[in-house]
>>> print(open('input.txt').read())   # compact mmCIF, C-alpha atoms and all ligand atoms
# COMPACT_ATOMS: atom_id res chain seq x y z
CA MET A 1 1.03 -19.89 2.10
CA GLN A 2 3.46 -22.65 2.84
CA LEU A 3 3.41 -26.37 2.09
CA GLY A 4 5.72 -28.89 3.74
CA PHE A 5 6.65 -32.22 2.17
CA ILE A 6 6.75 -35.17 4.56
CA GLY A 7 6.96 -38.93 4.20
CA LEU A 8 9.31 -41.86 4.45
CA LYS A 9 12.85 -41.71 3.25
CA TYR A 10 13.16 -42.22 -0.54
CA SER A 11 9.42 -41.75 -1.12
CA GLY A 12 10.14 -39.07 -3.71
CA LYS A 13 9.68 -35.86 -1.70
CA SER A 14 12.64 -34.10 -3.27
CA THR A 15 11.71 -35.30 -6.74
CA LEU A 16 8.18 -33.92 -6.33
CA PHE A 17 9.54 -30.73 -4.78
CA GLU A 18 11.83 -30.17 -7.75
CA LEU A 19 9.05 -30.98 -10.20
CA LEU A 20 6.63 -28.53 -8.61
CA THR A 21 9.11 -25.73 -8.04
CA LYS A 22 10.62 -26.14 -11.52
CA ASN A 23 13.99 -25.60 -9.93
CA HIS A 24 13.08 -22.36 -8.15
CA PHE A 25 14.70 -23.43 -4.92
CA GLU A 26 17.67 -22.96 -2.66
CA ASN A 27 20.22 -25.67 -3.05
CA ALA A 28 21.10 -26.66 0.49
CA ASN A 29 20.09 -30.27 1.00
CA THR A 30 22.76 -32.12 2.82
CA GLY A 31 21.93 -34.16 5.91
CA ILE A 32 18.95 -35.67 7.63
CA GLY A 33 16.50 -33.04 8.81
CA GLU A 34 17.99 -30.40 6.49
CA VAL A 35 15.42 -28.21 4.84
CA ARG A 36 15.25 -26.76 1.39
CA ARG A 37 12.87 -23.98 0.48
CA GLY A 38 11.33 -23.22 -2.87
CA GLN A 39 8.36 -21.69 -4.59
CA VAL A 40 5.58 -23.22 -6.63
CA ILE A 41 4.00 -20.93 -9.19
CA VAL A 42 0.23 -21.43 -9.27
CA GLU A 43 -0.40 -21.92 -12.95
CA ASP A 44 -3.74 -20.44 -13.95
CA ASN A 45 -5.09 -20.18 -17.49
CA ARG A 46 -7.19 -17.22 -16.47
CA ILE A 47 -4.11 -15.15 -15.63
CA GLN A 48 -2.57 -16.14 -18.93
CA LYS A 49 -5.70 -14.98 -20.76
CA LEU A 50 -5.89 -11.70 -18.81
CA SER A 51 -2.27 -11.09 -19.57
CA GLU A 52 -2.91 -11.59 -23.30
CA ILE A 53 -5.71 -9.03 -23.12
CA TYR A 54 -3.83 -6.39 -21.10
CA ASN A 55 -0.32 -7.01 -22.31
CA PRO A 56 0.96 -5.64 -18.98
CA LYS A 57 4.55 -4.80 -18.06
CA LYS A 58 4.39 -7.55 -15.48
CA THR A 59 2.36 -10.72 -15.00
CA THR A 60 2.40 -12.19 -11.52
CA TYR A 61 1.02 -15.59 -10.65
CA ALA A 62 0.11 -16.66 -7.13
CA LYS A 63 2.83 -18.61 -5.33
CA PHE A 64 3.17 -21.22 -2.66
CA ASP A 65 6.27 -21.54 -0.54
CA CYS A 66 7.42 -25.12 -0.16
CA VAL A 67 9.67 -26.82 2.33
CA ASP A 68 11.45 -30.06 1.46
CA ILE A 69 13.02 -32.10 4.23
CA THR A 70 15.33 -35.07 3.97
CA GLY A 71 13.43 -37.98 5.43
CA ILE A 72 14.25 -40.48 8.09
CA SER A 73 13.33 -44.14 8.04
CA SER A 74 10.21 -44.94 10.00
CA ASP A 75 12.12 -47.04 12.48
CA SER A 76 14.00 -44.12 13.98
CA ARG A 77 10.83 -42.56 15.23
CA GLN A 78 12.34 -40.74 18.16
CA ASN A 79 14.18 -38.49 15.71
CA ILE A 80 11.13 -37.83 13.58
CA SER A 81 9.22 -36.17 16.36
CA SER A 82 11.91 -33.67 17.07
CA LYS A 83 14.12 -31.95 14.54
CA TYR A 84 12.51 -33.33 11.42
CA LEU A 85 9.00 -32.30 12.30
CA GLU A 86 10.11 -28.98 13.77
CA SER A 87 10.93 -27.84 10.26
CA VAL A 88 7.33 -28.25 9.16
CA ARG A 89 5.66 -26.69 12.19
CA GLN A 90 5.30 -23.30 10.56
CA VAL A 91 3.72 -24.53 7.31
CA ASP A 92 0.01 -24.21 6.53
CA GLY A 93 -0.45 -27.60 4.86
CA LEU A 94 1.38 -30.92 4.79
CA VAL A 95 1.94 -32.91 1.61
CA ALA A 96 2.65 -36.56 2.46
CA VAL A 97 4.48 -38.30 -0.37
CA ILE A 98 3.75 -42.05 -0.42
CA GLN A 99 6.10 -44.39 -2.27
CA MET A 100 4.21 -46.53 -4.78
CA PHE A 101 7.21 -48.03 -6.55
CA ASP A 102 9.66 -50.76 -5.58
CA GLY A 103 12.88 -49.78 -3.92
CA VAL A 104 14.99 -50.25 -0.86
CA ASN A 105 14.62 -49.03 2.70
CA PHE A 106 17.09 -46.97 4.65
CA ASP A 107 18.75 -50.16 5.91
CA GLY A 108 19.02 -51.71 2.46
CA SER A 109 16.12 -54.16 2.85
CA ASP A 110 13.43 -54.35 0.15
CA PHE A 111 10.71 -51.74 0.37
CA LYS A 112 7.18 -53.11 0.39
CA ILE A 113 4.45 -50.99 -1.18
CA ASP A 114 1.90 -50.54 1.58
CA PRO A 115 0.22 -47.13 1.34
CA ILE A 116 -2.43 -47.65 4.00
CA ASN A 117 0.04 -48.55 6.72
CA ASN A 118 2.38 -45.90 5.43
CA ILE A 119 -0.27 -43.20 5.83
CA LYS A 120 -1.30 -44.59 9.21
CA SER A 121 2.23 -44.33 10.50
CA ILE A 122 2.57 -40.76 9.22
CA GLU A 123 -0.66 -39.83 11.01
CA GLU A 124 0.62 -41.58 14.11
CA GLU A 125 3.83 -39.59 14.04
CA LEU A 126 1.93 -36.31 13.72
CA VAL A 127 -0.33 -37.28 16.62
CA ILE A 128 2.58 -38.36 18.86
CA SER A 129 4.48 -35.18 18.12
CA ASP A 130 1.43 -33.06 19.04
CA LEU A 131 0.80 -35.08 22.16
CA MET A 132 4.33 -34.40 23.38
CA ILE A 133 3.91 -30.66 23.00
CA LEU A 134 0.44 -30.73 24.47
CA GLU A 135 1.40 -32.73 27.55
CA ASN A 136 4.27 -30.38 28.22
CA ARG A 137 2.00 -27.39 28.20
CA LEU A 138 -0.75 -29.15 30.11
CA GLU A 139 1.65 -29.97 32.92
CA LYS A 140 2.58 -26.29 33.20
CA VAL A 141 -1.03 -25.13 33.03
CA GLU A 142 -2.08 -27.55 35.75
CA LYS A 143 0.64 -26.24 38.04
CA LEU A 144 -0.71 -22.72 37.57
CA LYS A 145 -4.29 -23.71 38.20
CA PHE A 146 -4.75 -21.69 41.37
CA ARG A 147 -3.12 -18.52 40.10
CA ALA A 148 -5.16 -15.56 38.92
CA ALA A 149 -5.77 -14.65 35.27
CA PRO A 150 -3.97 -14.06 32.96
CA ILE A 151 -1.39 -16.46 34.41
CA TYR A 152 -3.95 -19.23 34.46
CA ASP A 153 -6.52 -19.28 31.67
CA PRO A 154 -9.29 -21.84 32.29
CA LYS A 155 -10.31 -21.62 28.63
CA GLU A 156 -6.86 -22.69 27.51
CA HIS A 157 -6.91 -25.53 30.03
CA GLU A 158 -10.26 -26.68 28.70
CA VAL A 159 -9.25 -26.67 25.04
CA LEU A 160 -6.00 -28.48 25.83
CA LEU A 161 -7.97 -31.23 27.57
CA LYS A 162 -10.30 -31.39 24.57
CA CYS A 163 -7.27 -31.90 22.30
CA LYS A 164 -5.73 -34.45 24.62
CA LYS A 165 -8.87 -36.56 24.51
CA ILE A 166 -8.76 -36.60 20.69
CA LEU A 167 -5.04 -37.31 20.47
CA ASP A 168 -5.24 -40.03 23.14
CA GLU A 169 -7.67 -41.81 20.82
CA GLU A 170 -4.93 -41.59 18.17
CA LYS A 171 -7.04 -39.25 16.08
CA PRO A 172 -5.68 -36.15 14.32
CA LEU A 173 -6.99 -32.75 15.40
CA ARG A 174 -7.83 -31.64 11.87
CA ASN A 175 -11.23 -33.34 11.70
CA GLU A 176 -12.53 -31.79 14.91
CA ASN A 177 -14.55 -28.63 15.25
CA PHE A 178 -12.98 -25.78 17.12
CA SER A 179 -14.54 -22.39 17.76
CA ILE A 180 -12.78 -19.22 16.63
CA GLU A 181 -11.77 -18.62 20.24
CA GLU A 182 -10.40 -22.16 20.63
CA ASN A 183 -8.47 -21.85 17.39
CA LYS A 184 -6.92 -18.65 18.66
CA LEU A 185 -5.84 -20.33 21.89
CA LEU A 186 -4.34 -23.23 19.92
CA SER A 187 -2.65 -21.34 17.12
CA GLY A 188 0.64 -20.86 18.98
CA PHE A 189 1.19 -24.60 19.36
CA GLN A 190 1.22 -25.18 15.59
CA PHE A 191 -0.10 -28.70 16.04
CA LEU A 192 0.83 -30.83 13.05
CA SER A 193 -2.21 -33.10 13.11
CA LYS A 194 -4.37 -29.98 12.92
CA LYS A 195 -2.85 -28.93 9.60
CA GLU A 196 -4.49 -29.94 6.39
CA LEU A 197 -2.95 -33.13 4.98
CA ILE A 198 -2.74 -33.92 1.28
CA ILE A 199 -1.70 -37.40 0.19
CA VAL A 200 0.34 -37.70 -2.98
CA LEU A 201 0.77 -41.27 -4.20
CA ASN A 202 4.03 -41.37 -6.13
CA PHE A 203 3.99 -44.14 -8.74
CA ASP A 204 6.56 -45.30 -11.25
CA GLU A 205 5.69 -45.84 -14.88
CA GLY A 206 4.84 -49.52 -14.29
CA ASN A 207 2.43 -48.98 -11.42
CA TYR A 208 0.82 -45.74 -12.56
CA SER A 209 -2.02 -47.56 -14.34
CA LYS A 210 -3.19 -48.96 -10.99
CA LYS A 211 -3.71 -45.50 -9.54
CA ASN A 212 -7.50 -45.53 -9.62
CA GLU A 213 -7.79 -48.82 -7.74
CA TYR A 214 -5.34 -47.66 -5.10
CA GLN A 215 -6.97 -44.27 -4.78
CA SER A 216 -10.41 -45.67 -4.13
CA GLU A 217 -9.11 -48.23 -1.66
CA ILE A 218 -7.13 -45.60 0.24
CA GLY A 219 -9.97 -43.09 -0.03
CA ALA A 220 -12.28 -45.55 1.70
CA THR A 221 -9.86 -45.88 4.63
CA PHE A 222 -9.12 -42.14 4.89
CA PRO A 223 -12.32 -40.42 3.75
CA ASN A 224 -11.28 -36.99 5.04
CA ILE A 225 -7.96 -36.68 3.25
CA ALA A 226 -7.47 -35.37 -0.30
CA ILE A 227 -5.56 -37.94 -2.37
CA THR A 228 -3.86 -37.40 -5.70
CA SER A 229 -1.63 -39.61 -7.82
CA VAL A 230 1.51 -38.56 -9.64
CA SER A 231 4.59 -40.03 -11.17
CA ALA A 232 7.11 -37.49 -10.05
CA LEU A 233 10.21 -38.91 -11.71
CA GLU A 234 8.58 -39.48 -15.10
CA GLU A 235 6.95 -36.08 -15.05
CA LYS A 236 10.26 -34.51 -14.21
CA GLU A 237 11.73 -36.09 -17.31
CA ILE A 238 8.75 -34.95 -19.36
CA GLN A 239 9.22 -31.42 -18.03
CA GLU A 240 12.54 -31.24 -19.91
CA LEU A 241 10.82 -31.71 -23.28
CA ASP A 242 9.25 -29.00 -25.42
CA SER A 243 5.57 -28.39 -24.84
CA GLU A 244 4.20 -30.37 -27.79
CA GLU A 245 6.21 -33.44 -26.84
CA GLN A 246 5.13 -32.97 -23.24
CA ILE A 247 1.47 -33.32 -24.18
CA GLU A 248 2.20 -36.44 -26.20
CA PHE A 249 4.24 -38.16 -23.49
CA MET A 250 1.67 -37.32 -20.83
CA LYS A 251 -1.01 -38.85 -23.01
CA ASP A 252 1.11 -41.96 -23.50
CA MET A 253 1.60 -42.28 -19.76
CA GLY A 254 -2.13 -41.83 -19.16
CA ILE A 255 -1.51 -38.64 -17.16
CA ASP A 256 -4.66 -36.53 -17.48
CA GLU A 257 -3.45 -33.67 -15.37
CA PRO A 258 0.12 -32.65 -14.50
CA ALA A 259 1.16 -33.17 -10.88
CA ILE A 260 1.61 -29.46 -10.34
CA ILE A 261 -2.04 -28.74 -11.18
CA GLN A 262 -3.30 -31.67 -9.10
CA VAL A 263 -1.29 -30.78 -6.02
CA ILE A 264 -2.19 -27.09 -6.25
CA LYS A 265 -5.88 -27.92 -6.65
CA ALA A 266 -5.74 -30.22 -3.62
CA ALA A 267 -3.90 -27.56 -1.62
CA TYR A 268 -6.41 -24.84 -2.51
CA LYS A 269 -9.30 -27.13 -1.64
CA GLY A 270 -7.72 -28.52 1.51
CA LEU A 271 -6.60 -25.14 2.81
CA GLY A 272 -9.84 -23.45 1.75
CA LEU A 273 -8.22 -20.92 -0.56
CA ILE A 274 -9.40 -18.92 -3.54
CA SER A 275 -7.73 -16.63 -6.07
CA PHE A 276 -8.80 -13.17 -7.07
CA PHE A 277 -7.21 -10.98 -9.70
CA THR A 278 -6.18 -7.40 -10.28
CA VAL A 279 -5.66 -6.16 -13.84
CA GLY A 280 -4.12 -3.15 -15.54
CA GLU A 281 -1.47 -2.04 -17.99
CA ASP A 282 1.20 -2.20 -15.31
CA GLU A 283 0.40 -5.58 -13.89
CA VAL A 284 -1.97 -8.52 -14.15
CA ARG A 285 -1.80 -10.42 -10.92
CA ALA A 286 -3.35 -13.26 -8.95
CA TRP A 287 -3.79 -13.07 -5.19
CA THR A 288 -4.58 -15.86 -2.79
CA VAL A 289 -6.95 -15.45 0.15
CA LYS A 290 -8.97 -17.69 2.45
CA GLU A 291 -12.46 -18.62 1.26
CA ASN A 292 -15.15 -16.29 2.62
CA SER A 293 -12.76 -13.35 2.92
CA ASN A 294 -14.58 -10.08 2.48
CA ALA A 295 -13.60 -7.28 0.10
CA LYS A 296 -11.81 -5.30 2.80
CA GLU A 297 -9.72 -8.26 3.98
CA SER A 298 -8.91 -9.15 0.40
CA ALA A 299 -7.75 -5.58 -0.21
CA GLY A 300 -5.40 -6.18 2.73
CA ALA A 301 -3.78 -9.07 0.86
CA ILE A 302 -2.65 -6.52 -1.72
CA HIS A 303 -1.49 -3.87 0.74
CA SER A 304 -2.40 -2.88 4.29
CA ASP A 305 -3.11 0.70 3.09
CA LEU A 306 -5.84 -0.63 0.82
CA GLU A 307 -7.49 -2.35 3.75
CA LYS A 308 -7.18 0.62 6.11
CA GLY A 309 -8.42 3.16 3.58
CA PHE A 310 -10.94 0.86 1.89
CA ILE A 311 -13.88 2.71 0.34
CA ARG A 312 -15.42 0.25 -2.11
CA ALA A 313 -14.56 -2.44 -4.63
CA GLU A 314 -15.52 -2.60 -8.27
CA VAL A 315 -16.06 -6.26 -9.05
CA ILE A 316 -16.56 -8.49 -12.06
CA ASN A 317 -15.94 -12.21 -12.10
CA TYR A 318 -13.51 -13.55 -14.69
CA ASN A 319 -16.26 -15.70 -16.27
CA GLU A 320 -18.32 -12.58 -16.89
CA PHE A 321 -15.33 -10.45 -17.90
CA ILE A 322 -14.30 -12.73 -20.78
CA LYS A 323 -17.61 -11.98 -22.50
CA TYR A 324 -16.35 -8.41 -22.94
CA ASN A 325 -12.57 -8.71 -22.75
CA SER A 326 -12.29 -5.17 -21.39
CA LEU A 327 -13.36 -3.42 -18.24
CA SER A 328 -14.67 -0.37 -20.10
CA LYS A 329 -16.89 -2.53 -22.31
CA ALA A 330 -18.07 -4.44 -19.27
CA LYS A 331 -18.84 -1.11 -17.60
CA GLU A 332 -20.84 0.14 -20.61
CA ASN A 333 -22.93 -3.00 -20.29
CA GLY A 334 -23.47 -2.49 -16.60
CA ALA A 335 -21.59 -5.70 -15.76
CA ILE A 336 -19.36 -4.18 -13.11
CA ARG A 337 -20.78 -4.18 -9.62
CA VAL A 338 -19.88 -1.80 -6.83
CA GLU A 339 -19.48 -3.66 -3.56
CA GLY A 340 -18.86 -2.59 0.03
CA LYS A 341 -16.38 -3.94 2.56
CA ASN A 342 -18.57 -6.89 3.58
CA TYR A 343 -18.85 -8.35 0.09
CA THR A 344 -17.60 -11.97 0.08
CA VAL A 345 -14.98 -12.32 -2.64
CA ILE A 346 -15.34 -15.47 -4.75
CA ASP A 347 -12.79 -17.37 -6.80
CA GLY A 348 -12.04 -15.60 -10.08
CA ASP A 349 -13.25 -12.14 -9.06
CA ILE A 350 -11.44 -9.26 -10.69
CA LEU A 351 -11.24 -6.47 -8.14
CA ASN A 352 -10.51 -2.79 -8.42
CA ILE A 353 -10.16 -1.39 -4.91
CA ARG A 354 -11.04 2.25 -4.30
CA PHE A 355 -9.29 3.54 -1.23
CA ASN A 356 -8.22 6.66 0.55
CA VAL A 357 -5.10 7.07 2.70
N1 LIG B 401 10.73 -45.18 -10.30
C1 LIG B 401 10.54 -44.05 -9.64
N2 LIG B 401 11.51 -43.62 -8.86
C2 LIG B 401 11.32 -42.49 -8.20
C3 LIG B 401 10.12 -41.73 -8.31
N3 LIG B 401 10.24 -40.64 -7.53
C4 LIG B 401 11.45 -40.71 -6.95
N4 LIG B 401 12.10 -41.82 -7.36
C5 LIG B 401 13.47 -42.25 -6.99
O1 LIG B 401 13.52 -42.57 -5.63
C6 LIG B 401 14.74 -42.11 -5.05
C7 LIG B 401 14.45 -41.18 -3.89
O2 LIG B 401 13.83 -40.03 -4.38
P1 LIG B 401 13.90 -38.65 -3.60
O3 LIG B 401 13.02 -37.69 -4.30
O4 LIG B 401 15.29 -38.25 -3.36
O5 LIG B 401 13.23 -39.10 -2.24
P2 LIG B 401 13.10 -38.30 -0.89
O6 LIG B 401 11.76 -38.63 -0.35
O7 LIG B 401 13.40 -36.87 -1.09
O8 LIG B 401 14.21 -38.98 -0.01
P3 LIG B 401 14.93 -38.39 1.28
O9 LIG B 401 15.15 -36.94 1.07
O10 LIG B 401 16.19 -39.16 1.39
O11 LIG B 401 14.00 -38.66 2.40
C8 LIG B 401 15.51 -41.43 -6.17
O12 LIG B 401 16.44 -42.34 -6.67
C9 LIG B 401 14.45 -41.09 -7.16
O13 LIG B 401 14.95 -41.03 -8.47
C10 LIG B 401 9.12 -42.22 -9.18
O14 LIG B 401 8.06 -41.62 -9.35
N5 LIG B 401 9.38 -43.38 -9.81
MG MG B 402 14.83 -35.59 -0.23
>>> encode(input="input.txt", output="structure tokens")
Amino acid sequence: MQLGFIGLKYSGKSTLFELLTKNHFENANTGIGEVRRGQVIVEDNRIQKLSEIYNPKKTTYAKFDCVDITGISSDSRQNISSKYLESVRQVDGLVAVIQMFDGVNFDGSDFKIDPINNIKSIEEELVISDLMILENRLEKVEKLKFRAAPIYDPKEHEVLLKCKKILDEEKPLRNENFSIEENKLLSGFQFLSKKELIIVLNFDEGNYSKKNEYQSEIGATFPNIAITSVSALEEKEIQELDSEEQIEFMKDMGIDEPAIIQVIKAAYKGLGLISFFTVGEDEVRAWTVKENSNAKESAGAIHSDLEKGFIRAEVINYNEFIKYNSLSKAKENGAIRVEGKNYTVIDGDILNIRFNV
């Protein structure tokens, strides 16, 4: 899974990126449009607890890949649609960082806090960028209209026109319903406005206390977008402290939940993801799959051999497991279920895959 950070110049993308990745990133970050890649570890108390119980050789948390891009001011829009946005085409979800503190613009003028217009212009840029790609393709498809399949695919033509209608109304594609077939036809275009968007309001210490007012106002204007509030710079400073001091400073700041947890939660929700676990003396590990994945597909997240040779899964949810603290005790109490390939895995399931290669 990959997240891409977008937003105006100086909004705090790199600060948030560094906070979330805890400095697990490549260092290249030089000019405009340059990308920097890193990893966010998905902190999960359940993995910590399982690791305490199993004391395994290795504990592996789920991870997100993140892409940080040096921003461009909103008034050089022609650049934004090309190189800058190209770098985020391959990501699964977009994190838009919105500046909620005073500062200066690219040209040295004073920055005015204006999240609603800020978000609108980000949406606009995503829509324009998609429209450019779509119109290009549409032109080609229309030229091929009288050729035989597979050169001309009327289904593709139809879905492109459907998208064009939405984008022409300046609406993002993400809120529309597409069939599985339509999604397949569209997947190659990697439309940006079709990706899940998460808004992160980035406050400074002075403005952080106004976060609830802002969030509800913005939420009313953009009801379909997940919005969270952070103070990236302050939290980055807090991250340097030892853990007891961290808790105290967070409390002082009125931060109920660290940015990393908030952003990960929003990403899981927005992208429709869940975690399942595997446990043992060698490794306790979290895996990330799409909601509604079945046992066989989930086995495939671990290894393709497990999917191909899938026989059955032994399943117990974490919430049930902690009543016993061991699989053998859970088994004695009949708490472990045996499920077939069509079982829908839910968040927190501990799976033991039986397979045959
Ligand atoms: N007061 C305050 N300043 C912040 C906060 N987050 C970032 N900044 C400052 O804003 C400036 C820009 O932050 P960056 O994280 O580099 O912003 P960016 O979005 O990556 O900028 P570009 O890569 O140039 O597009 C830096 O001087 C940061 O220290 C914050 O939460 N509060
Ligand atoms: Mg940056």
>>> closest_atom_pairs(input="input.txt", of="chain A", to="ligand LIG 401 (chain B)", cutoff="6 Å", atoms="all atoms listed in the file", output="tab-separated table")
residue	atom	partner	partner_atom	distance
A:Lys9	CA	B:LIG401	O11	3.4
A:Tyr10	CA	B:LIG401	O8	3.4
A:Ser11	CA	B:LIG401	O6	4.0
A:Gly12	CA	B:LIG401	O3	3.2
A:Lys13	CA	B:LIG401	O6	3.7
A:Ser14	CA	B:LIG401	O7	3.6
A:Thr15	CA	B:LIG401	O3	3.7
A:Thr70	CA	B:LIG401	O9	3.5
A:Gly71	CA	B:LIG401	O11	3.2
A:Ile72	CA	B:LIG401	O11	6.0
A:Phe101	CA	B:LIG401	N1	5.9
A:Asn202	CA	B:LIG401	O14	5.2
A:Phe203	CA	B:LIG401	O14	4.8
A:Asp204	CA	B:LIG401	N5	3.7
A:Ser231	CA	B:LIG401	O14	4.2
A:Ala232	CA	B:LIG401	O14	4.3
A:Leu233	CA	B:LIG401	O14	4.2
>>> write_last_selection(input="input.txt", atoms="C-alpha atoms", output="mmCIF file, in the frame of the given file")
data_model
loop_
_atom_site.group_PDB
_atom_site.id
_atom_site.type_symbol
_atom_site.label_atom_id
_atom_site.label_comp_id
_atom_site.auth_asym_id
_atom_site.auth_seq_id
_atom_site.Cartn_x
_atom_site.Cartn_y
_atom_site.Cartn_z
ATOM 1 C CA LYS A 9 12.850 -41.710 3.250
ATOM 2 C CA TYR A 10 13.160 -42.220 -0.540
ATOM 3 C CA SER A 11 9.420 -41.750 -1.120
ATOM 4 C CA GLY A 12 10.140 -39.070 -3.710
ATOM 5 C CA LYS A 13 9.680 -35.860 -1.700
ATOM 6 C CA SER A 14 12.640 -34.100 -3.270
ATOM 7 C CA THR A 15 11.710 -35.300 -6.740
ATOM 8 C CA THR A 70 15.330 -35.070 3.970
ATOM 9 C CA GLY A 71 13.430 -37.980 5.430
ATOM 10 C CA ILE A 72 14.250 -40.480 8.090
ATOM 11 C CA PHE A 101 7.210 -48.030 -6.550
ATOM 12 C CA ASN A 202 4.030 -41.370 -6.130
ATOM 13 C CA PHE A 203 3.990 -44.140 -8.740
ATOM 14 C CA ASP A 204 6.560 -45.300 -11.250
ATOM 15 C CA SER A 231 4.590 -40.030 -11.170
ATOM 16 C CA ALA A 232 7.110 -37.490 -10.050
ATOM 17 C CA LEU A 233 10.210 -38.910 -11.710
#
>>> closest_residue(input="input.txt", among="A:Lys341, A:Arg285, A:Lys171, A:Arg37", to="ligand MG 402 (chain B)", atoms="all atoms listed in the file")
A:Arg37
>>> atom_distance(input="input.txt", atom1="CA of His303 (chain A)", atom2="CA of Thr288 (chain A)")
12.9 Å
>>> atom_distance(input="input.txt", atom1="CA of Ile128 (chain A)", atom2="CA of Phe189 (chain A)")
13.8 Å
>>> atom_distance(input="input.txt", atom1="CA of Tyr268 (chain A)", atom2="CA of Phe191 (chain A)")
20.0 Å
>>> residues_around(input="input.txt", residues="Gly93 (chain A)", least_positions_apart="2", cutoff="7 Å", atoms="all atoms listed in the file", output="MDAnalysis selection string")
chainID A and resid 2:4 91 95 195:197 271
>>> closest_residue(input="input.txt", among="A:Val35, A:Ile69, A:Leu186, A:Met1", to="ligand MG 402 (chain B)", atoms="all atoms listed in the file")
A:Ile69
>>> residues_around(input="input.txt", residues="region 277-281 of chain A", least_positions_apart="4", cutoff="6 Å", atoms="all atoms listed in the file", output="PDB file with C-alpha atoms, in the frame of the given file")
ATOM      1  CA  TYR A  54      -3.830  -6.390 -21.100  1.00  0.00           C
ATOM      2  CA  PRO A  56       0.960  -5.640 -18.980  1.00  0.00           C
ATOM      3  CA  ARG A 285      -1.800 -10.420 -10.920  1.00  0.00           C
ATOM      4  CA  ALA A 286      -3.350 -13.260  -8.950  1.00  0.00           C
ATOM      5  CA  ILE A 350     -11.440  -9.260 -10.690  1.00  0.00           C
ATOM      6  CA  LEU A 351     -11.240  -6.470  -8.140  1.00  0.00           C
TER       7      LEU A 351
END
>>> decode(input="input.txt", residues="region 298-320 of chain A", atoms="C-alpha atoms", output="JSON list (two decimals), in the first residue's frame")
[["chain", "number", "residue", "atom", "x", "y", "z"],
["A", 298, "SER", "CA", -5.59, -13.40, 2.43],
["A", 299, "ALA", "CA", -3.31, -16.44, 2.36],
["A", 300, "GLY", "CA", -2.01, -14.99, -0.91],
["A", 301, "ALA", "CA", -0.93, -11.83, 0.90],
["A", 302, "ILE", "CA", 1.48, -14.01, 2.87],
["A", 303, "HIS", "CA", 2.76, -16.03, -0.07],
["A", 304, "SER", "CA", 1.39, -17.09, -3.45],
["A", 305, "ASP", "CA", 2.08, -20.76, -2.57],
["A", 306, "LEU", "CA", -0.31, -20.48, 0.36],
["A", 307, "GLU", "CA", -3.03, -19.23, -1.93],
["A", 308, "LYS", "CA", -2.42, -21.83, -4.64],
["A", 309, "GLY", "CA", -2.22, -24.75, -2.23],
["A", 310, "PHE", "CA", -4.84, -23.45, 0.20],
["A", 311, "ILE", "CA", -6.64, -26.22, 2.11],
["A", 312, "ARG", "CA", -8.23, -24.49, 5.09],
["A", 313, "ALA", "CA", -7.64, -21.79, 7.68],
["A", 314, "GLU", "CA", -7.72, -22.12, 11.44],
["A", 315, "VAL", "CA", -9.13, -18.87, 12.75],
["A", 316, "ILE", "CA", -9.55, -17.06, 16.04],
["A", 317, "ASN", "CA", -10.07, -13.35, 16.39],
["A", 318, "TYR", "CA", -7.62, -11.43, 18.56],
["A", 319, "ASN", "CA", -10.44, -10.34, 20.92],
["A", 320, "GLU", "CA", -11.26, -13.98, 21.58]]
